[in-house]
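Peer 1: File name protein.csv; file contents CSV, C-alpha atoms; full text below.
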chain,number,residue,atom,x,y,z
A,10,MET,CA,5.5,30.7,7.2
A,11,LYS,CA,1.7,31.0,7.7
A,12,ASP,CA,1.5,27.4,8.7
A,13,ILE,CA,3.7,27.7,11.8
A,14,LEU,CA,2.3,31.1,12.7
A,15,ASN,CA,-1.2,29.6,12.6
A,16,LYS,CA,-0.1,26.8,14.9
A,17,VAL,CA,1.4,29.3,17.3
A,18,ASP,CA,-1.8,31.3,17.3
A,19,ALA,CA,-3.9,28.2,17.8
A,20,ALA,CA,-1.8,27.2,20.8
A,21,GLN,CA,-1.9,30.7,22.2
A,22,ALA,CA,-5.7,30.7,22.0
A,23,LYS,CA,-5.7,27.5,24.1
A,24,ILE,CA,-3.4,29.2,26.7
A,25,ASN,CA,-5.5,32.3,26.7
A,26,LYS,CA,-8.6,30.3,27.5
A,27,MET,CA,-6.9,29.0,30.6
A,28,ARG,CA,-5.9,32.4,31.9
A,29,PRO,CA,-5.8,33.9,34.4
A,30,PHE,CA,-3.6,31.3,36.1
A,31,SER,CA,-3.3,31.1,39.9
A,32,ASP,CA,-0.5,32.9,41.6
A,33,GLU,CA,1.1,29.6,42.4
A,34,MET,CA,0.9,28.4,38.8
A,35,ASN,CA,2.3,31.7,37.5
A,36,HIS,CA,5.2,31.3,40.0
A,37,GLN,CA,5.8,27.7,38.8
A,38,ILE,CA,5.8,28.8,35.1
A,39,LYS,CA,8.2,31.7,35.8
A,40,GLU,CA,10.7,29.5,37.7
A,41,TYR,CA,10.4,26.7,35.2
A,42,PHE,CA,11.3,29.1,32.3
A,43,ARG,CA,13.9,30.9,34.4
A,44,ILE,CA,16.0,27.7,34.5
A,45,GLY,CA,15.1,26.6,30.9
A,46,LEU,CA,16.0,30.0,29.3
A,47,THR,CA,19.1,30.6,31.4
A,48,TYR,CA,20.5,27.1,30.6
A,49,SER,CA,19.7,27.2,26.9
A,50,SER,CA,20.7,30.7,26.2
A,51,ASN,CA,24.0,30.3,28.0
A,52,ALA,CA,24.6,26.8,26.4
A,53,LEU,CA,24.2,28.3,23.0
A,54,GLU,CA,27.2,30.5,23.8
A,55,GLY,CA,29.4,27.7,25.1
A,56,ASN,CA,28.6,27.7,28.8
A,57,SER,CA,29.4,24.3,30.2
A,58,LEU,CA,26.8,24.0,33.0
A,59,THR,CA,24.1,21.4,32.5
A,60,ILE,CA,20.5,22.3,33.1
A,61,SER,CA,20.5,20.6,36.5
A,62,GLU,CA,23.8,22.4,37.4
A,63,THR,CA,22.3,25.7,36.3
A,64,LYS,CA,19.3,25.0,38.6
A,65,VAL,CA,21.6,24.3,41.6
A,66,VAL,CA,23.7,27.4,41.0
A,67,ILE,CA,20.6,29.7,40.7
A,68,GLU,CA,18.4,28.2,43.3
A,69,ASP,CA,20.9,27.0,45.9
A,70,GLY,CA,23.8,29.4,45.3
A,71,LEU,CA,26.3,26.5,45.1
A,72,THR,CA,29.4,26.2,42.9
A,73,ILE,CA,30.0,23.2,40.7
A,74,ALA,CA,33.4,21.6,41.1
A,75,GLY,CA,35.5,21.7,37.9
A,76,LYS,CA,33.3,24.3,36.2
A,77,PRO,CA,34.7,27.8,35.3
A,78,LEU,CA,33.7,30.7,37.6
A,79,LYS,CA,32.5,32.7,34.6
A,80,ASP,CA,30.0,30.0,33.8
A,81,HIS,CA,28.5,30.5,37.3
A,82,TYR,CA,28.5,34.3,36.8
A,83,GLU,CA,26.6,33.8,33.5
A,84,ALA,CA,24.0,31.7,35.2
A,85,THR,CA,23.4,34.1,38.1
A,86,GLY,CA,23.6,37.1,35.9
A,87,HIS,CA,21.1,35.7,33.4
A,88,SER,CA,18.8,34.9,36.2
A,89,ASP,CA,18.9,38.5,37.4
A,90,ALA,CA,18.3,39.7,33.8
A,91,PHE,CA,15.4,37.3,33.5
A,92,ASP,CA,13.7,39.1,36.4
A,93,HIS,CA,14.0,42.4,34.6
A,94,MET,CA,12.7,40.7,31.4
A,95,TYR,CA,9.6,39.8,33.4
A,96,ALA,CA,9.3,43.3,34.7
A,97,LEU,CA,9.5,44.8,31.2
A,98,ALA,CA,6.8,42.3,30.0
A,99,THR,CA,4.1,44.4,31.7
A,100,GLY,CA,4.9,47.4,29.5
A,101,LYS,CA,4.4,48.2,25.9
A,102,THR,CA,7.7,49.6,24.8
A,103,ILE,CA,11.5,48.8,24.8
A,104,THR,CA,13.9,51.6,25.5
A,105,GLU,CA,17.7,52.0,25.1
A,106,GLU,CA,18.0,52.1,28.9
A,107,ASP,CA,16.0,48.8,29.1
A,108,ILE,CA,18.6,47.2,26.8
A,109,LYS,CA,21.5,48.5,28.8
A,110,LYS,CA,20.0,47.4,32.1
A,111,LEU,CA,19.5,43.8,30.8
A,112,HIS,CA,23.1,43.7,29.7
A,113,ALA,CA,24.3,45.2,33.0
A,114,LEU,CA,22.4,42.7,35.1
A,115,PHE,CA,23.7,39.8,33.0
A,116,TYR,CA,27.4,41.0,32.8
A,117,HIS,CA,28.3,43.0,35.9
A,118,ARG,CA,29.8,40.0,37.7
A,119,ILE,CA,32.0,39.2,34.7
A,120,LYS,CA,33.4,42.7,34.0
A,121,GLU,CA,31.8,45.6,35.8
A,122,ASP,CA,33.3,48.3,33.5
A,123,ASP,CA,31.7,46.8,30.4
A,124,ALA,CA,28.3,46.0,31.9
A,125,GLY,CA,25.6,48.0,30.1
A,126,ALA,CA,28.2,50.0,28.2
A,127,TYR,CA,28.6,49.9,24.4
A,128,ARG,CA,31.9,48.4,23.2
A,129,LYS,CA,34.9,50.6,22.5
A,130,LEU,CA,36.7,47.9,20.5
A,131,GLN,CA,36.0,46.4,17.1
A,132,ALA,CA,34.4,43.0,17.3
A,133,ILE,CA,34.1,40.1,14.9
A,134,ILE,CA,31.8,37.1,14.7
A,135,THR,CA,33.8,34.0,13.9
A,136,GLY,CA,32.5,32.3,10.8
A,137,SER,CA,30.4,35.3,9.6
A,138,GLN,CA,31.1,37.0,6.3
A,139,TYR,CA,29.5,40.2,7.5
A,140,PRO,CA,31.6,42.8,9.4
A,141,LEU,CA,30.2,44.3,12.6
A,142,PRO,CA,29.7,48.1,13.0
A,143,LYS,CA,32.6,50.2,14.2
A,144,PRO,CA,32.3,51.3,17.9
A,145,ASP,CA,31.8,55.0,17.0
A,146,ALA,CA,28.7,54.1,15.0
A,147,LEU,CA,27.0,52.2,17.8
A,148,PRO,CA,25.2,55.1,19.7
A,149,GLU,CA,23.5,56.4,16.5
A,150,MET,CA,22.7,52.9,15.3
A,151,MET,CA,21.1,52.0,18.6
A,152,ARG,CA,19.0,55.2,18.6
A,153,LYS,CA,17.8,54.3,15.1
A,154,PHE,CA,17.1,50.8,16.2
A,155,ILE,CA,14.9,51.9,19.1
A,156,LYS,CA,13.2,54.4,16.9
A,157,SER,CA,12.4,51.7,14.3
A,158,LEU,CA,10.6,49.4,16.8
A,159,PRO,CA,7.1,50.9,16.8
A,160,LYS,CA,6.8,50.5,13.0
A,161,LEU,CA,8.4,47.1,13.1
A,162,LYS,CA,5.9,46.1,15.7
A,163,LYS,CA,2.9,47.5,13.8
A,164,ASP,CA,3.9,45.9,10.5
A,165,ASN,CA,4.5,42.4,11.7
A,166,HIS,CA,2.9,39.4,13.5
A,167,PRO,CA,4.1,39.5,17.1
A,168,VAL,CA,6.4,36.5,16.6
A,169,GLU,CA,7.8,38.0,13.4
A,170,TYR,CA,8.4,41.3,15.2
A,171,ALA,CA,10.2,39.5,18.1
A,172,ALA,CA,12.4,37.5,15.7
A,173,ARG,CA,13.2,40.6,13.6
A,174,LEU,CA,14.0,42.6,16.7
A,175,HIS,CA,16.4,39.9,17.8
A,176,LYS,CA,18.0,39.8,14.3
A,177,GLU,CA,18.5,43.6,14.0
A,178,PHE,CA,19.9,43.9,17.5
A,179,VAL,CA,22.5,41.1,16.9
A,180,PHE,CA,23.6,42.7,13.6
A,181,ILE,CA,24.4,45.8,15.6
A,182,HIS,CA,26.2,43.8,18.3
A,183,PRO,CA,26.6,46.8,20.6
A,184,PHE,CA,28.3,45.1,23.6
A,185,ILE,CA,31.7,43.5,23.9
A,186,ASP,CA,30.1,40.2,25.0
A,187,GLY,CA,26.6,38.9,25.8
A,188,ASN,CA,24.8,40.2,22.7
A,189,GLY,CA,23.2,36.9,22.0
A,190,ARG,CA,21.9,36.6,25.5
A,191,VAL,CA,20.5,40.1,25.4
A,192,ALA,CA,19.0,39.6,22.0
A,193,ARG,CA,17.1,36.5,23.2
A,194,LEU,CA,15.9,38.4,26.4
A,195,LEU,CA,14.7,41.3,24.2
A,196,MET,CA,13.0,38.9,21.8
A,197,ASN,CA,11.1,37.4,24.8
A,198,VAL,CA,10.2,40.8,26.2
A,199,ALA,CA,8.6,41.5,22.8
A,200,LEU,CA,6.7,38.2,22.9
A,201,MET,CA,5.5,38.7,26.5
A,202,GLN,CA,4.4,42.3,25.9
A,203,ALA,CA,2.2,40.9,23.1
A,204,GLY,CA,0.8,38.2,25.5
A,205,TYR,CA,2.7,35.3,24.0
A,206,ILE,CA,4.9,32.8,25.7
A,207,ILE,CA,8.7,33.1,25.5
A,208,ALA,CA,10.8,31.3,23.0
A,209,ILE,CA,13.5,28.9,24.2
A,210,ILE,CA,16.1,27.9,21.5
A,211,PRO,CA,17.4,24.4,22.4
A,212,PRO,CA,21.2,24.1,22.3
A,213,LEU,CA,20.7,21.1,19.9
A,214,LYS,CA,19.5,23.7,17.4
A,215,ARG,CA,22.7,25.9,17.7
A,216,VAL,CA,24.0,25.1,14.2
A,217,GLU,CA,20.6,25.7,12.7
A,218,TYR,CA,20.2,28.9,14.7
A,219,ILE,CA,23.6,30.4,13.7
A,220,ALA,CA,23.1,29.4,10.0
A,221,ALA,CA,19.6,31.0,10.0
A,222,LEU,CA,21.0,34.2,11.5
A,223,GLU,CA,23.8,34.4,9.0
A,224,LYS,CA,21.3,33.8,6.1
A,225,ALA,CA,19.0,36.5,7.7
A,226,HIS,CA,21.3,39.2,6.4
A,227,LYS,CA,19.7,38.7,3.1
A,228,ASN,CA,16.5,36.6,3.8
A,229,ASP,CA,15.1,36.2,7.3
A,230,THR,CA,12.4,33.7,6.5
A,231,ASP,CA,14.2,30.7,7.9
A,232,PHE,CA,15.2,32.6,11.1
A,233,ILE,CA,11.6,33.6,11.7
A,234,LYS,CA,10.3,30.1,11.1
A,235,LEU,CA,12.9,28.8,13.6
A,236,ILE,CA,11.9,31.3,16.3
A,237,ALA,CA,8.2,30.5,15.6
A,238,SER,CA,8.8,26.8,16.0
A,239,CYS,CA,10.6,27.4,19.3
A,240,VAL,CA,7.7,29.5,20.5
A,241,TYR,CA,5.3,26.7,19.6
A,242,GLU,CA,7.4,24.1,21.5
A,243,THR,CA,7.4,26.4,24.6
A,244,GLN,CA,3.7,26.9,24.3
A,245,ASN,CA,3.2,23.1,24.4
A,246,ASP,CA,5.4,22.9,27.5
A,247,LEU,CA,3.2,25.4,29.1
A,248,LEU,CA,0.0,23.6,28.1
A,249,ARG,CA,1.4,20.3,29.5
A,250,MET,CA,2.1,22.1,32.8
A,251,ALA,CA,-1.3,23.7,32.9
A,252,ASN,CA,-3.0,20.4,32.2
A,253,GLY,CA,-1.0,18.7,35.0
A,254,LYS,CA,0.9,16.5,32.6
A,255,SER,CA,4.4,17.5,33.5
Write out the structure in this file as structure tokens.

Peer 2:
Amino acid sequence: MKDILNKVDAAQAKINKMRPFSDEMNHQIKEYFRIGLTYSSNALEGNSLTISETKVVIEDGLTIAGKPLKDHYEATGHSDAFDHMYALATGKTITEEDIKKLHALFYHRIKEDDAGAYRKLQAIITGSQYPLPKPDALPEMMRKFIKSLPKLKKDNHPVEYAARLHKEFVFIHPFIDGNGRVARLLMNVALMQAGYIIAIIPPLKRVEYIAALEKAHKNDTDFIKLIASCVYETQNDLLRMANGKS
């Protein structure tokens, strides 16, 4: 674990030396990661849009022939939630309302009634041996989750904190759909609030990601390592951009 975290911190030190970036560079970074995170996070959940199609839908407002309308809504909704993620990055805390708003922005085009509202139905995760909480337990579990964050943040390296925040939120699974997307947005809020770059989990790592999350019910070491490696890869993307190599 220490090896990958040391690599992350060394890369972060290089990024910090380059800061502050120009307004134009900051804009380029934000838009680059908007497309990358939206594509990858949706693709992990089965969205069929390619990265170039995601870019066209978000930037040009066009529809892709033969692709489901829901996939377009997920792209535009995630882009809206990405903006809120960036807004939250300037703060120091994460509230229950922040989480509900991230979900509402992502989900309102898909089903307005469920956007930002905790699920009223029991849910299951296919392939998982661990049952999800019952709907009536969700409000109290979310209150405890929010209350636990300051200590979690204090006791962990920022990348470990972000990964564990993601893990704990997914285990609660408060929404009827979109929990993975919100978990990754929250993880990135936590990273950005600590001054780190976001983590993008490539769709090629989907099987590894799901397996690490399942294992994290008992031991989250592999999951944290996976998130740290994704942070490191994104840091290198940013360093290439900043050095004019991309």

Peer 1: Using all atoms listed in the file and a cutoff of 10 Å, can you tell me which residues are near (0.2, 23.9, 16.5) in the file's coordinates, and write them out as a list in words?

Peer 2: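 It turns out the residues near that spot are Asp12, Ile13, Leu14, Asn15, Lys16, Val17, Asp18, Ala19, Ala20, Gln21, Ser238, Tyr241, Glu242, Gln244 and Asn245 of chain A.
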
Peer 1: I'd like to know which of A:Pro144, A:Pro77, A:Pro167, A:Pro211 is closest to Met196 (chain A), using all atoms listed in the file.

Peer 2: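 Using all atoms listed in the file, the shortest distance to Met196 (chain A) belongs to A:Pro167.
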
Peer 1: Hey, can you pull every residue with an atom no more than 9 Å from (19.5, 26.9, 22.3), using all atoms listed in the file, and send it as a PDB file with C-alpha atoms, in the frame of the given file?

Peer 2:
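point_22.pdb, freshly written:
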ATOM      1  CA  LEU A  46      16.000  30.000  29.300  1.00  0.00           C
ATOM      2  CA  TYR A  48      20.500  27.100  30.600  1.00  0.00           C
ATOM      3  CA  SER A  49      19.700  27.200  26.900  1.00  0.00           C
ATOM      4  CA  SER A  50      20.700  30.700  26.200  1.00  0.00           C
ATOM      5  CA  ASN A  51      24.000  30.300  28.000  1.00  0.00           C
ATOM      6  CA  ALA A  52      24.600  26.800  26.400  1.00  0.00           C
ATOM      7  CA  LEU A  53      24.200  28.300  23.000  1.00  0.00           C
ATOM      8  CA  GLU A  54      27.200  30.500  23.800  1.00  0.00           C
ATOM      9  CA  ILE A 209      13.500  28.900  24.200  1.00  0.00           C
ATOM     10  CA  ILE A 210      16.100  27.900  21.500  1.00  0.00           C
ATOM     11  CA  PRO A 211      17.400  24.400  22.400  1.00  0.00           C
ATOM     12  CA  PRO A 212      21.200  24.100  22.300  1.00  0.00           C
ATOM     13  CA  LEU A 213      20.700  21.100  19.900  1.00  0.00           C
ATOM     14  CA  LYS A 214      19.500  23.700  17.400  1.00  0.00           C
ATOM     15  CA  ARG A 215      22.700  25.900  17.700  1.00  0.00           C
ATOM     16  CA  TYR A 218      20.200  28.900  14.700  1.00  0.00           C
TER      17      TYR A 218
END

Peer 1: Nearest to Ile60 (chain A): which of A:Met201, A:Met250, A:Ala84, A:Ile38 is it, counting only C-alpha atoms?

Peer 2: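 Smallest separation from Ile60 (chain A) among the options: A:Ala84.
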
Peer 1: Please compute the CA of Glu169 (chain A)-CA of Asn25 (chain A) distance, one decimal, in Å.

Peer 2: 19.7 Å

Peer 1: What does the distance from CA of Asn35 (chain A) to CA of Lys23 (chain A) come to in Å, to one decimal?

Peer 2: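 Straight-line distance from CA of Asn35 (chain A) to CA of Lys23 (chain A) works out to 16.2 Å.
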
Peer 1: At a cut-off of 12 Å, using only C-alpha atoms, what residues contact Met151 (chain A)? Leave out same-chain residues fewer than 6 positions from it and give the result as an MDAnalysis selection string.

Peer 2: chainID A and resid 103:106 108:109 127 142 144:145 157:158 174 177:184

Peer 1: Could you tell me which of A:Ile73, A:Ile219, A:Gly204, A:Phe115 comes closest to Pro29 (chain A) if we count only C-alpha atoms?

Peer 2: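 Smallest distance to Pro29 (chain A) is found for A:Gly204.
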
Peer 1: From the set A:Gln131, A:Ser137, A:Ser88, A:Thr243, which residue has the shortest atom-to-atom contact distance to Tyr205 (chain A), counting all atoms listed in the file?

Peer 2: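 The closest residue to Tyr205 (chain A) is A:Thr243.
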